[in-house]
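Structure file entry-v1.cif (mmCIF, C-alpha atoms and all ligand atoms) follows.
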```cif
data_entry
loop_
_atom_site.label_atom_id
_atom_site.label_comp_id
_atom_site.auth_asym_id
_atom_site.auth_seq_id
_atom_site.Cartn_x
_atom_site.Cartn_y
_atom_site.Cartn_z
CA MET A 1 48.27 2.04 -19.59
CA GLN A 2 50.16 -0.44 -17.45
CA TRP A 3 48.61 -3.17 -19.53
CA LEU A 4 50.16 -1.89 -22.78
CA ARG A 5 53.70 -1.99 -21.41
CA LEU A 6 53.56 -5.69 -20.55
CA ASP A 7 54.93 -8.07 -23.14
CA PHE A 8 52.68 -10.64 -24.72
CA ARG A 9 53.63 -13.56 -22.43
CA LYS A 10 53.07 -11.50 -19.30
CA ARG A 11 49.68 -10.45 -20.64
CA LEU A 12 48.75 -14.07 -21.19
CA LEU A 13 49.79 -14.97 -17.67
CA LEU A 14 47.86 -12.06 -16.22
CA ALA A 15 44.77 -12.99 -18.20
CA ALA A 16 45.02 -16.58 -16.97
CA LEU A 17 45.37 -15.39 -13.36
CA CYS A 18 42.35 -13.12 -13.74
CA CYS A 19 40.26 -16.00 -15.02
CA LEU A 20 41.42 -18.18 -12.14
CA ALA A 21 40.62 -15.46 -9.62
CA ILE A 22 37.13 -14.98 -11.04
CA GLY A 23 36.67 -18.73 -11.01
CA LEU A 24 37.65 -18.93 -7.36
CA THR A 25 35.68 -15.99 -6.01
CA ALA A 26 32.49 -16.40 -8.04
CA PRO A 27 31.79 -20.05 -8.72
CA SER A 28 29.65 -20.36 -11.81
CA PRO A 29 26.00 -20.89 -10.85
CA LEU A 30 26.10 -23.77 -13.34
CA THR A 31 27.96 -25.78 -10.70
CA ALA A 32 25.63 -24.88 -7.83
CA PHE A 33 23.69 -28.16 -8.10
CA SER A 34 25.36 -31.56 -8.11
CA MET A 35 24.72 -33.98 -10.95
CA ALA A 36 22.90 -36.23 -8.48
CA GLU A 37 20.56 -33.38 -7.52
CA ARG A 38 19.84 -32.60 -11.15
CA ASP A 39 19.23 -36.24 -11.85
CA ARG A 40 16.83 -36.60 -8.95
CA PHE A 41 15.00 -33.45 -10.02
CA GLN A 42 14.65 -34.59 -13.63
CA ARG A 43 13.35 -38.01 -12.63
CA ALA A 44 10.77 -36.41 -10.32
CA ILE A 45 9.21 -34.22 -13.05
CA ILE A 46 5.56 -35.19 -13.33
CA ASP A 47 4.58 -36.05 -16.90
CA TYR A 48 1.43 -34.10 -17.68
CA ARG A 49 1.80 -34.39 -21.48
CA PRO A 50 -1.02 -36.96 -21.85
CA ARG A 51 -3.44 -34.25 -20.63
CA LEU A 52 -2.54 -31.84 -23.43
CA ASN A 53 -5.48 -30.72 -25.55
CA PRO A 54 -5.33 -32.97 -28.66
CA GLU A 55 -6.28 -29.90 -30.74
CA TYR A 56 -2.94 -28.27 -29.93
CA LYS A 57 -0.74 -28.30 -33.03
CA LYS A 58 2.78 -29.40 -32.18
CA ILE A 59 5.32 -27.51 -34.25
CA GLU A 60 9.04 -27.97 -33.81
CA ARG A 61 10.83 -24.88 -32.52
CA LYS A 62 13.83 -23.90 -34.66
CA HIS A 63 15.72 -21.77 -32.13
CA THR A 64 15.93 -21.60 -28.35
CA ARG A 65 17.37 -18.27 -27.30
CA TYR A 66 15.39 -17.46 -24.14
CA LEU A 67 13.87 -19.07 -21.06
CA ILE A 68 10.78 -17.09 -20.03
CA VAL A 69 9.42 -17.13 -16.46
CA HIS A 70 5.70 -16.54 -15.78
CA THR A 71 3.41 -16.40 -12.76
CA SER A 72 0.12 -18.17 -13.48
CA GLU A 73 -2.16 -15.86 -11.41
CA LEU A 74 -4.17 -18.96 -10.42
CA GLY A 75 -4.02 -21.95 -8.06
CA LEU A 76 -2.39 -25.24 -9.08
CA ASP A 77 -5.40 -27.19 -10.39
CA THR A 78 -6.67 -24.35 -12.54
CA THR A 79 -3.17 -23.55 -13.80
CA LEU A 80 -2.63 -27.15 -14.94
CA ARG A 81 -5.98 -27.23 -16.68
CA VAL A 82 -5.58 -23.88 -18.45
CA VAL A 83 -2.04 -24.46 -19.74
CA SER A 84 -2.89 -27.98 -20.92
CA LYS A 85 -6.46 -27.70 -22.19
CA GLY A 86 -6.63 -24.00 -23.05
CA LYS A 87 -8.24 -20.79 -21.87
CA GLN A 88 -11.98 -20.35 -22.03
CA PHE A 89 -13.39 -16.86 -22.35
CA ARG A 90 -16.88 -15.72 -21.35
CA ASN A 91 -17.60 -14.67 -24.94
CA GLY A 92 -17.18 -18.30 -26.02
CA ARG A 93 -13.69 -17.92 -27.49
CA ARG A 94 -11.20 -20.58 -26.47
CA THR A 95 -7.58 -21.47 -27.04
CA ASP A 96 -6.10 -24.89 -27.76
CA GLY A 97 -3.79 -25.17 -24.73
CA GLY A 98 -0.05 -25.77 -24.92
CA HIS A 99 0.52 -22.51 -23.02
CA THR A 100 3.79 -23.51 -21.36
CA HIS A 101 6.43 -26.23 -21.25
CA TYR A 102 6.67 -26.51 -17.46
CA VAL A 103 4.59 -25.68 -14.39
CA ILE A 104 6.18 -25.42 -10.94
CA ALA A 105 3.75 -25.86 -8.03
CA ARG A 106 4.19 -24.01 -4.77
CA ASP A 107 5.59 -27.13 -3.08
CA GLY A 108 8.27 -27.30 -5.79
CA SER A 109 6.68 -30.19 -7.74
CA THR A 110 7.42 -29.70 -11.41
CA TYR A 111 5.12 -30.73 -14.27
CA ARG A 112 6.05 -31.28 -17.91
CA ILE A 113 3.14 -29.97 -19.99
CA LEU A 114 4.68 -30.06 -23.45
CA ASP A 115 7.92 -31.60 -24.68
CA LYS A 116 10.54 -28.87 -24.83
CA LYS A 117 11.22 -29.40 -28.55
CA TRP A 118 7.75 -28.07 -29.50
CA THR A 119 6.71 -24.43 -29.60
CA ALA A 120 4.48 -23.42 -26.66
CA ASP A 121 1.98 -20.58 -27.00
CA HIS A 122 3.12 -18.63 -23.92
CA ALA A 123 4.65 -15.24 -24.72
CA GLY A 124 2.02 -13.60 -26.96
CA THR A 125 2.91 -10.19 -28.38
CA SER A 126 6.54 -9.98 -27.31
CA MET A 127 9.91 -8.58 -28.24
CA TRP A 128 13.46 -8.73 -26.93
CA ASP A 129 16.57 -7.16 -28.41
CA GLY A 130 14.82 -6.56 -31.73
CA ARG A 131 13.43 -10.08 -32.06
CA SER A 132 9.68 -10.46 -31.82
CA ASP A 133 7.23 -13.33 -31.22
CA LEU A 134 9.37 -14.93 -28.54
CA SER A 135 7.20 -18.07 -28.26
CA GLN A 136 8.96 -19.15 -31.48
CA MET A 137 12.39 -19.06 -29.81
CA SER A 138 11.87 -19.71 -26.12
CA ILE A 139 10.81 -22.12 -23.40
CA GLY A 140 8.02 -21.15 -21.00
CA ILE A 141 8.01 -21.90 -17.26
CA GLU A 142 4.92 -21.12 -15.15
CA LEU A 143 5.31 -20.56 -11.42
CA VAL A 144 1.99 -21.19 -9.67
CA GLY A 145 1.13 -17.96 -7.88
CA TYR A 146 0.59 -14.26 -8.38
CA HIS A 147 2.81 -11.42 -9.52
CA TYR A 148 1.91 -9.57 -6.31
CA ALA A 149 2.50 -12.50 -3.92
CA PRO A 150 5.57 -14.32 -2.64
CA ILE A 151 7.15 -17.13 -4.69
CA THR A 152 8.08 -20.03 -2.36
CA ASP A 153 11.64 -21.18 -1.58
CA LYS A 154 10.74 -24.61 -2.95
CA GLN A 155 9.72 -22.99 -6.24
CA TYR A 156 13.02 -21.11 -6.37
CA ARG A 157 14.94 -24.33 -5.84
CA SER A 158 13.03 -26.17 -8.58
CA ILE A 159 13.25 -23.35 -11.09
CA GLY A 160 16.96 -22.96 -10.28
CA LEU A 161 17.54 -26.62 -11.15
CA LEU A 162 15.31 -26.51 -14.22
CA LEU A 163 16.99 -23.36 -15.56
CA ARG A 164 20.48 -24.89 -15.12
CA ILE A 165 19.43 -28.01 -16.98
CA LEU A 166 17.87 -26.02 -19.83
CA GLN A 167 20.77 -23.54 -19.97
CA ASP A 168 23.16 -26.47 -20.39
CA ALA A 169 20.97 -28.15 -22.99
CA TYR A 170 20.74 -25.02 -25.16
CA GLY A 171 24.03 -23.30 -24.31
CA LEU A 172 22.37 -20.25 -22.75
CA ASP A 173 23.82 -17.83 -20.21
CA ASP A 174 21.95 -16.08 -17.38
CA ARG A 175 21.02 -13.17 -19.65
CA ALA A 176 18.80 -15.57 -21.59
CA VAL A 177 16.52 -15.92 -18.55
CA LEU A 178 13.81 -13.25 -18.67
CA THR A 179 10.35 -12.73 -17.21
CA HIS A 180 7.22 -12.43 -19.30
CA SER A 181 6.73 -8.87 -18.00
CA GLN A 182 10.18 -7.97 -19.38
CA VAL A 183 9.49 -9.21 -22.90
CA ALA A 184 5.75 -8.63 -23.44
CA PHE A 185 4.78 -5.45 -25.23
CA GLY A 186 1.47 -3.84 -26.12
CA ARG A 187 0.07 -1.94 -29.05
CA PRO A 188 -1.10 1.66 -28.49
CA ASN A 189 -3.98 1.98 -25.98
CA ARG A 190 -5.64 4.58 -23.73
CA TRP A 191 -2.43 4.93 -21.68
CA HIS A 192 0.18 4.77 -24.46
CA LYS A 193 0.24 6.29 -27.93
CA ARG A 194 3.03 3.97 -29.06
CA ASP A 195 4.09 0.34 -28.75
CA HIS A 196 5.10 -0.06 -25.14
CA ARG A 197 6.17 -2.37 -22.31
CA GLY A 198 3.76 -3.08 -19.46
CA ARG A 199 1.34 -5.33 -21.31
CA LYS A 200 2.04 -8.03 -18.71
CA ARG A 201 3.08 -7.83 -15.02
CA CYS A 202 3.74 -11.56 -15.09
CA ALA A 203 6.61 -12.69 -12.78
CA LYS A 204 7.77 -9.18 -11.98
CA ASN A 205 8.24 -10.52 -8.43
CA PHE A 206 10.72 -13.17 -9.66
CA ASP A 207 13.92 -12.69 -7.67
CA ARG A 208 16.73 -13.89 -9.94
CA ALA A 209 19.26 -14.18 -7.13
CA LYS A 210 17.01 -16.62 -5.25
CA ALA A 211 17.01 -18.84 -8.36
CA GLY A 212 20.83 -18.71 -8.35
CA LEU A 213 21.07 -16.50 -11.43
CA GLY A 214 23.96 -14.11 -11.97
CA PRO A 215 24.35 -10.81 -13.86
CA THR A 216 21.79 -9.84 -16.44
CA TRP A 217 20.49 -6.94 -18.53
CA HIS A 218 20.70 -3.59 -16.80
CA TYR A 219 18.62 -1.94 -19.49
CA ASP A 220 15.76 -2.78 -21.84
CA PRO A 221 17.33 -3.11 -25.31
CA ASP A 222 14.09 -2.35 -27.17
CA VAL A 223 13.41 0.78 -25.14
CA ARG A 224 17.01 1.91 -25.62
CA ALA A 225 16.74 1.38 -29.37
CA GLY A 226 13.50 3.37 -29.49
CA ARG A 227 11.39 0.42 -30.62
CA LEU A 228 9.23 0.56 -27.48
CA VAL A 229 8.22 3.03 -24.79
CA ALA A 230 9.27 2.03 -21.25
CA ASP A 231 6.86 1.17 -18.46
CA ALA A 232 7.95 3.20 -15.43
CA GLN A 233 7.10 0.57 -12.81
CA LEU A 234 8.73 -2.33 -14.66
CA ALA A 235 11.79 -0.23 -15.49
CA GLU A 236 12.24 0.44 -11.78
CA VAL A 237 11.81 -3.20 -10.87
CA PHE A 238 14.19 -4.57 -13.49
CA TYR A 239 16.71 -1.87 -14.36
CA SER A 240 17.02 0.62 -11.51
CA PRO A 241 20.57 0.86 -10.19
CA GLY A 242 21.21 -0.27 -6.63
CA PRO A 243 19.20 -2.91 -4.78
CA ARG A 244 16.30 -4.16 -6.78
CA ALA A 245 12.96 -2.55 -6.12
CA ILE A 246 11.34 -5.95 -6.29
CA ALA A 247 8.54 -6.74 -3.87
CA SER A 248 9.84 -4.56 -1.04
CA ALA A 249 9.72 -1.14 -2.69
CA VAL A 250 6.78 -1.81 -4.95
CA GLU A 251 3.51 -1.99 -3.09
CA GLU A 252 2.67 -5.54 -4.11
CA THR A 253 -1.08 -5.84 -4.03
CA ASN A 254 -4.06 -6.35 -6.27
CA LEU A 255 -6.10 -3.64 -4.57
CA ILE A 256 -7.00 -0.53 -6.55
CA SER A 257 -5.74 2.72 -5.03
CA LYS A 258 -4.75 6.16 -6.25
CA HIS A 259 -1.29 4.81 -7.01
CA ASN A 260 -2.21 1.26 -7.97
CA THR A 261 -4.32 1.53 -11.10
CA ALA A 262 -6.04 -1.20 -13.10
CA TRP A 263 -3.21 -0.84 -15.61
CA LEU A 264 -0.49 -1.41 -13.00
CA ILE A 265 -2.24 -4.51 -11.69
CA ALA A 266 -3.60 -6.12 -14.84
CA GLY A 267 -1.52 -4.65 -17.68
CA GLU A 268 -3.27 -5.05 -21.01
CA ASP A 269 -5.76 -7.45 -19.45
CA PHE A 270 -7.32 -4.45 -17.66
CA ASP A 271 -10.40 -4.51 -19.94
CA SER A 272 -10.49 -8.26 -20.58
CA SER A 273 -13.62 -10.28 -19.83
CA ALA A 274 -11.31 -12.62 -17.87
CA THR A 275 -10.30 -9.85 -15.46
CA VAL A 276 -12.72 -9.43 -12.56
CA TYR A 277 -13.20 -6.32 -10.40
CA GLN A 278 -14.71 -6.98 -6.97
CA PHE A 279 -15.92 -3.67 -5.57
CA PRO A 280 -15.83 -3.10 -1.80
CA ASP A 281 -19.65 -2.87 -1.82
CA GLY A 282 -19.85 -6.46 -3.12
CA ARG A 283 -20.65 -5.67 -6.76
CA VAL A 284 -18.63 -7.55 -9.38
CA PHE A 285 -17.70 -6.46 -12.92
CA THR A 286 -15.56 -7.94 -15.66
CA GLY A 287 -12.97 -5.76 -17.37
CA ASP A 288 -15.05 -5.44 -20.54
CA GLN A 289 -17.99 -4.00 -18.53
CA ILE A 290 -16.12 -1.16 -16.84
CA THR A 291 -16.09 1.37 -19.70
CA GLU A 292 -19.87 1.37 -20.08
CA GLN A 293 -21.13 0.49 -16.64
CA VAL A 294 -18.63 2.24 -14.36
CA GLY A 295 -15.93 4.32 -16.09
CA TRP A 296 -12.21 3.78 -15.56
CA ASN A 297 -11.83 6.82 -13.31
CA ARG A 298 -14.61 5.66 -11.04
CA ILE A 299 -13.37 2.31 -9.78
CA PRO A 300 -13.46 2.67 -6.00
CA ALA A 301 -10.34 2.29 -3.87
CA LYS A 302 -9.91 -1.20 -2.34
CA THR A 303 -11.49 -2.88 -5.35
CA VAL A 304 -9.90 -6.32 -5.72
CA VAL A 305 -8.58 -7.20 -9.20
CA LEU A 306 -8.45 -10.88 -10.21
CA LEU A 307 -6.89 -12.13 -13.44
CA ASN A 308 -7.62 -15.18 -15.61
CA GLN A 309 -11.14 -15.72 -14.29
CA SER A 310 -13.45 -17.95 -16.28
CA GLY A 311 -15.81 -19.21 -13.54
CA SER A 312 -19.23 -17.79 -12.76
CA LEU A 313 -19.43 -14.21 -11.56
CA ALA A 314 -22.03 -15.19 -8.96
CA GLU A 315 -19.30 -17.03 -7.06
CA LEU A 316 -17.39 -13.79 -6.76
CA LYS A 317 -20.21 -11.63 -5.42
CA ASP A 318 -19.69 -10.59 -1.85
CA ASP A 319 -21.88 -12.84 0.27
CA GLY A 320 -20.91 -11.28 3.58
CA PRO A 321 -18.02 -12.35 5.76
CA VAL A 322 -18.02 -16.00 4.62
CA LYS A 323 -15.90 -16.51 1.48
CA THR A 324 -15.54 -19.72 -0.52
CA ILE A 325 -12.53 -21.07 -2.38
CA ALA A 326 -13.62 -21.89 -5.92
CA ASP A 327 -12.16 -22.76 -9.27
CA GLY A 328 -9.59 -20.04 -9.93
CA ILE A 329 -10.15 -18.41 -6.53
CA THR A 330 -7.51 -19.30 -3.96
CA ALA A 331 -7.18 -18.33 -0.32
CA TRP A 332 -4.68 -15.73 -1.55
CA SER A 333 -7.25 -14.20 -3.91
CA LEU A 334 -9.63 -13.88 -0.96
CA ALA A 335 -7.37 -13.04 1.98
CA GLY A 336 -4.10 -11.81 0.42
CA ARG A 337 -1.26 -11.67 2.91
CA SER A 338 -3.66 -12.59 5.73
CA TYR A 339 -4.09 -16.09 4.31
CA ASN A 340 -1.73 -17.57 6.95
CA HIS A 341 -2.72 -15.22 9.78
CA HIS A 342 -4.20 -16.83 12.89
CA THR A 343 -7.34 -14.68 12.55
CA THR A 344 -8.15 -16.15 9.13
CA ILE A 345 -10.26 -19.21 9.88
CA TYR A 346 -10.76 -22.05 7.38
CA PHE A 347 -13.66 -24.51 7.35
CA LEU A 348 -12.51 -27.46 5.27
CA PRO A 349 -15.00 -29.63 3.36
CA SER A 350 -13.92 -32.52 5.64
CA GLY A 351 -15.32 -30.63 8.61
CA ARG A 352 -11.95 -29.70 10.05
CA ILE A 353 -11.40 -26.14 11.18
CA LYS A 354 -7.94 -24.58 10.92
CA ASN A 355 -6.66 -21.09 11.46
CA GLY A 356 -4.23 -19.55 8.99
CA SER A 357 -1.16 -20.19 11.13
CA MET A 358 -1.83 -23.93 10.65
CA ILE A 359 -1.79 -23.65 6.84
CA SER A 360 1.55 -24.10 5.07
CA ASP A 361 0.45 -22.69 1.73
CA TRP A 362 -2.72 -21.25 0.27
CA ASP A 363 -2.61 -23.82 -2.53
CA ASP A 364 -3.07 -26.66 -0.02
CA LEU A 365 -6.70 -25.69 0.59
CA PRO A 366 -9.31 -27.58 -1.46
CA VAL A 367 -12.09 -26.02 -3.52
CA SER A 368 -15.24 -25.27 -1.49
CA THR A 369 -13.23 -24.59 1.67
CA ARG A 370 -14.93 -21.62 3.35
CA LEU A 371 -13.10 -18.92 5.25
CA ILE A 372 -13.64 -15.87 7.40
CA ILE A 373 -11.01 -13.16 7.70
CA GLY A 374 -10.21 -11.23 10.88
CA TYR A 375 -11.89 -13.47 13.48
CA ASN A 376 -11.26 -14.88 16.93
CA GLY A 377 -12.57 -18.27 17.93
CA PRO A 378 -13.87 -20.89 18.07
CA PHE A 379 -15.90 -20.28 21.23
CA PRO A 380 -18.25 -23.23 21.85
CA VAL A 381 -21.78 -22.55 23.01
CA SER A 382 -22.73 -24.57 26.07
CA LYS A 383 -25.30 -24.61 28.83
CA ASP A 384 -23.24 -22.18 30.88
CA ARG A 385 -21.97 -20.16 27.99
CA SER A 386 -24.64 -18.53 25.85
CA ALA A 387 -24.07 -16.67 22.58
CA TYR A 388 -24.64 -13.47 24.52
CA ARG A 389 -21.91 -14.32 27.02
CA ILE A 390 -19.52 -15.02 24.14
CA ALA A 391 -20.25 -12.16 21.74
CA GLY A 392 -21.85 -9.58 24.03
CA ALA A 393 -24.38 -7.17 22.57
CA ARG A 394 -23.31 -8.08 19.03
CA PHE A 395 -24.47 -11.70 19.30
CA LYS A 396 -27.22 -10.99 16.72
CA ASP A 397 -24.89 -9.10 14.40
CA PRO A 398 -24.50 -10.43 10.82
CA GLN A 399 -20.71 -10.16 11.36
CA THR A 400 -20.78 -12.62 14.28
CA ILE A 401 -20.45 -16.06 12.73
CA TYR A 402 -22.01 -19.31 13.97
CA TYR A 403 -20.75 -22.70 12.82
CA LEU A 404 -23.55 -25.18 13.40
CA PRO A 405 -23.07 -28.94 13.93
CA SER A 406 -24.69 -29.30 10.46
CA LYS A 407 -21.55 -27.49 9.08
CA GLU A 408 -23.67 -24.48 8.15
CA LEU A 409 -22.08 -21.06 8.66
CA LEU A 410 -24.55 -18.34 9.59
CA GLY A 411 -24.31 -14.71 10.60
CA GLY A 412 -25.98 -13.81 13.92
CA SER A 413 -28.87 -12.04 12.18
CA ARG A 414 -29.91 -15.33 10.59
CA ILE A 415 -30.26 -17.31 13.81
CA GLU A 416 -33.96 -17.42 14.60
CA ASP A 417 -33.97 -18.75 18.13
CA PHE A 418 -30.83 -18.46 20.21
CA SER A 419 -32.34 -20.50 23.03
CA ARG A 420 -32.40 -23.48 20.63
CA LEU A 421 -28.75 -23.24 19.52
CA GLN A 422 -27.34 -26.75 19.81
CA ALA A 423 -24.46 -27.47 22.13
CA GLY A 424 -21.34 -27.77 20.01
CA THR A 425 -22.21 -24.71 17.94
CA LEU A 426 -19.05 -22.64 17.54
CA VAL A 427 -19.02 -18.86 17.63
CA PHE A 428 -16.47 -16.66 15.86
CA VAL A 429 -16.28 -12.97 16.70
CA PRO A 430 -14.63 -10.20 14.66
CA ALA A 431 -11.08 -9.77 15.98
CA ALA A 432 -11.49 -6.03 16.47
CA LEU A 433 -14.52 -6.51 18.72
ZN ZN B 1 2.98 -14.73 -18.47
#
```

Would you write out, as structure tokens, the structure that this file holds?
Amino acid sequence: MQWLRLDFRKRLLLAALCCLAIGLTAPSPLTAFSMAERDRFQRAIIDYRPRLNPEYKKIERKHTRYLIVHTSELGLDTTLRVVSKGKQFRNGRRTDGGHTHYVIARDGSTYRILDKKWTADHAGTSMWDGRSDLSQMSIGIELVGYHYAPITDKQYRSIGLLLRILQDAYGLDDRAVLTHSQVAFGRPNRWHKRDHRGRKRCAKNFDRAKAGLGPTWHYDPDVRAGRLVADAQLAEVFYSPGPRAIASAVEETNLISKHNTAWLIAGEDFDSSATVYQFPDGRVFTGDQITEQVGWNRIPAKTVVLLNQSGSLAELKDDGPVKTIADGITAWSLAGRSYNHHTTIYFLPSGRIKNGSMISDWDDLPVSTRLIIGYNGPFPVSKDRSAYRIAGARFKDPQTIYYLPSKELLGGSRIEDFSRLQAGTLVFVPAAL
């Protein structure tokens, strides 16, 4: 009411003061990085475009309305290969690559996969605010990592810079920055009778504030308009009032439990041949085998769910306590949050042994690194210190691990003659022993 009584000039003055006040108290995130920082960042982008699959058809994108954030659900090497060369499915089907414009590694290094003027095939079946097929009007950014694992500070810094640069280039505000899980939608399936959110969980752990982003959507426009059915978990993460439920409130894991179903972990990829279910008893199934061979209600608790798997299933079978990092399988896939715990022990191909507290990130570990989880050691065998003195009655146990000078890792039950163990053999004993 007060407002109406002011004359026009006073209103103008008041409006100007308001703007000034807002400007002073909440500096625009667009100014958070200096031009020199932006410049340095842009010059450091690694040009990966020569590795693009030549089969990928480059088509100019007419509009750029959104910047879409993804998590790759893989390690760096496999991410770079898949987004550039394409996905390969076990049934022989393959895609032509061009699945993103940028990849941001866990150390913050940023790769340009496809020039930003072309359309990337990254959003799939998607909709936002009534517009569908968002790949045709957006830029894709892949963060190397998992939707149930922490994004690094270095990644937040790089994506913050990249978003600013792209927002400036296309005149986009912070509401234009969305995650793939926000915009993907699925057709009716066994959980939903109608078109619905929840097809992807991609980047639902993306913390906008850490990337320097300001206010955004507090509702899902397509759910509000009745075009789509909401996904309860995603709605809580993205639109619940009060502090965001991100990461802390949501039990972020890829382990099946009563409350964490295949759908909540894998979204529409739940029954894909590229989704792998590792049962606690060591058996391994792909998503497309579950209906016939197991049944969706009979997946045991603590089953590990892995997305985007194209490697051999044999590599994923449980071969006892010794796990191996392989193509598409990172230390995080194998050890989860324990990856940097001191009782997770890594045997690098070089012969070096490190415990998790010596590892800065799971993506720093090369393929064919072996690891054991929940162990104390090393305890060297010597003349005065026998395996029995180290491990007690469990020295012959398959869970007691011996690292031989030949770099072989054996469980106690596979050592034939303990009296002939070479000096320098290292013993690792389960931490709970
Ligand atoms: Zn995605």

With 12 Å as the cut-off and all atoms listed in the file counted, what is the closest atom pair between each nearby residue of stretch 152-214 of chain A and stretch 344-362 of chain A? Distances in Å to one decimal, ordered by chain and number, as JSON lines.
```
{"residue": "A:Thr152", "atom": "CA", "partner": "A:Asp361", "partner_atom": "CA", "distance": 9.1}
{"residue": "A:Asp153", "atom": "CA", "partner": "A:Asp361", "partner_atom": "CA", "distance": 11.8}
{"residue": "A:Lys154", "atom": "CA", "partner": "A:Asp361", "partner_atom": "CA", "distance": 11.5}
```

message: Neighbouring residues of ligand ZN 1 (chain B) are defined here as those with any atom at most 6 Å from a ligand atom, counting all atoms listed in the file; list them as a list of chain:residue names.
response: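 Listed by chain and ascending number, the contacts are A:His70, A:Thr71, A:His180, A:Cys202.
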
**Prompt:** Near A:Val322, counting all atoms listed in the file, which residues have an atom at most 12 Å away, once you skip same-chain residues fewer than 4 positions from it, shown as a PyMOL selection string?
**Reply:** chain A and resi 315-318+334-335+344-347+368-375+398-403+408-411+428

Neighbour list for A:Ile265 as an MDAnalysis selection string, cut-off 12 Å, all atoms listed in the file, skip fewer than 4 positions in-chain
chainID A and resid 73 146:148 181 198:202 204 233:234 250:257 259:261 269:271 275:277 303:307

message = I'd like the contact shell of stretch 52-68 of chain A - 9 Å cut-off, all atoms listed in the file, skipping same-chain residues fewer than 6 positions apart - returned as a ChimeraX atom specification.
response = /A:81,83-86,95-98,113-114,116-120,122-123,134-142,163,166-167,170-172,175-180,183

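Using only C-alpha atoms, the shortest contact distance between A:Pro280 and any of A:Val294, A:Leu426, A:Ile329, A:Ile299 is found at A:Ile299.
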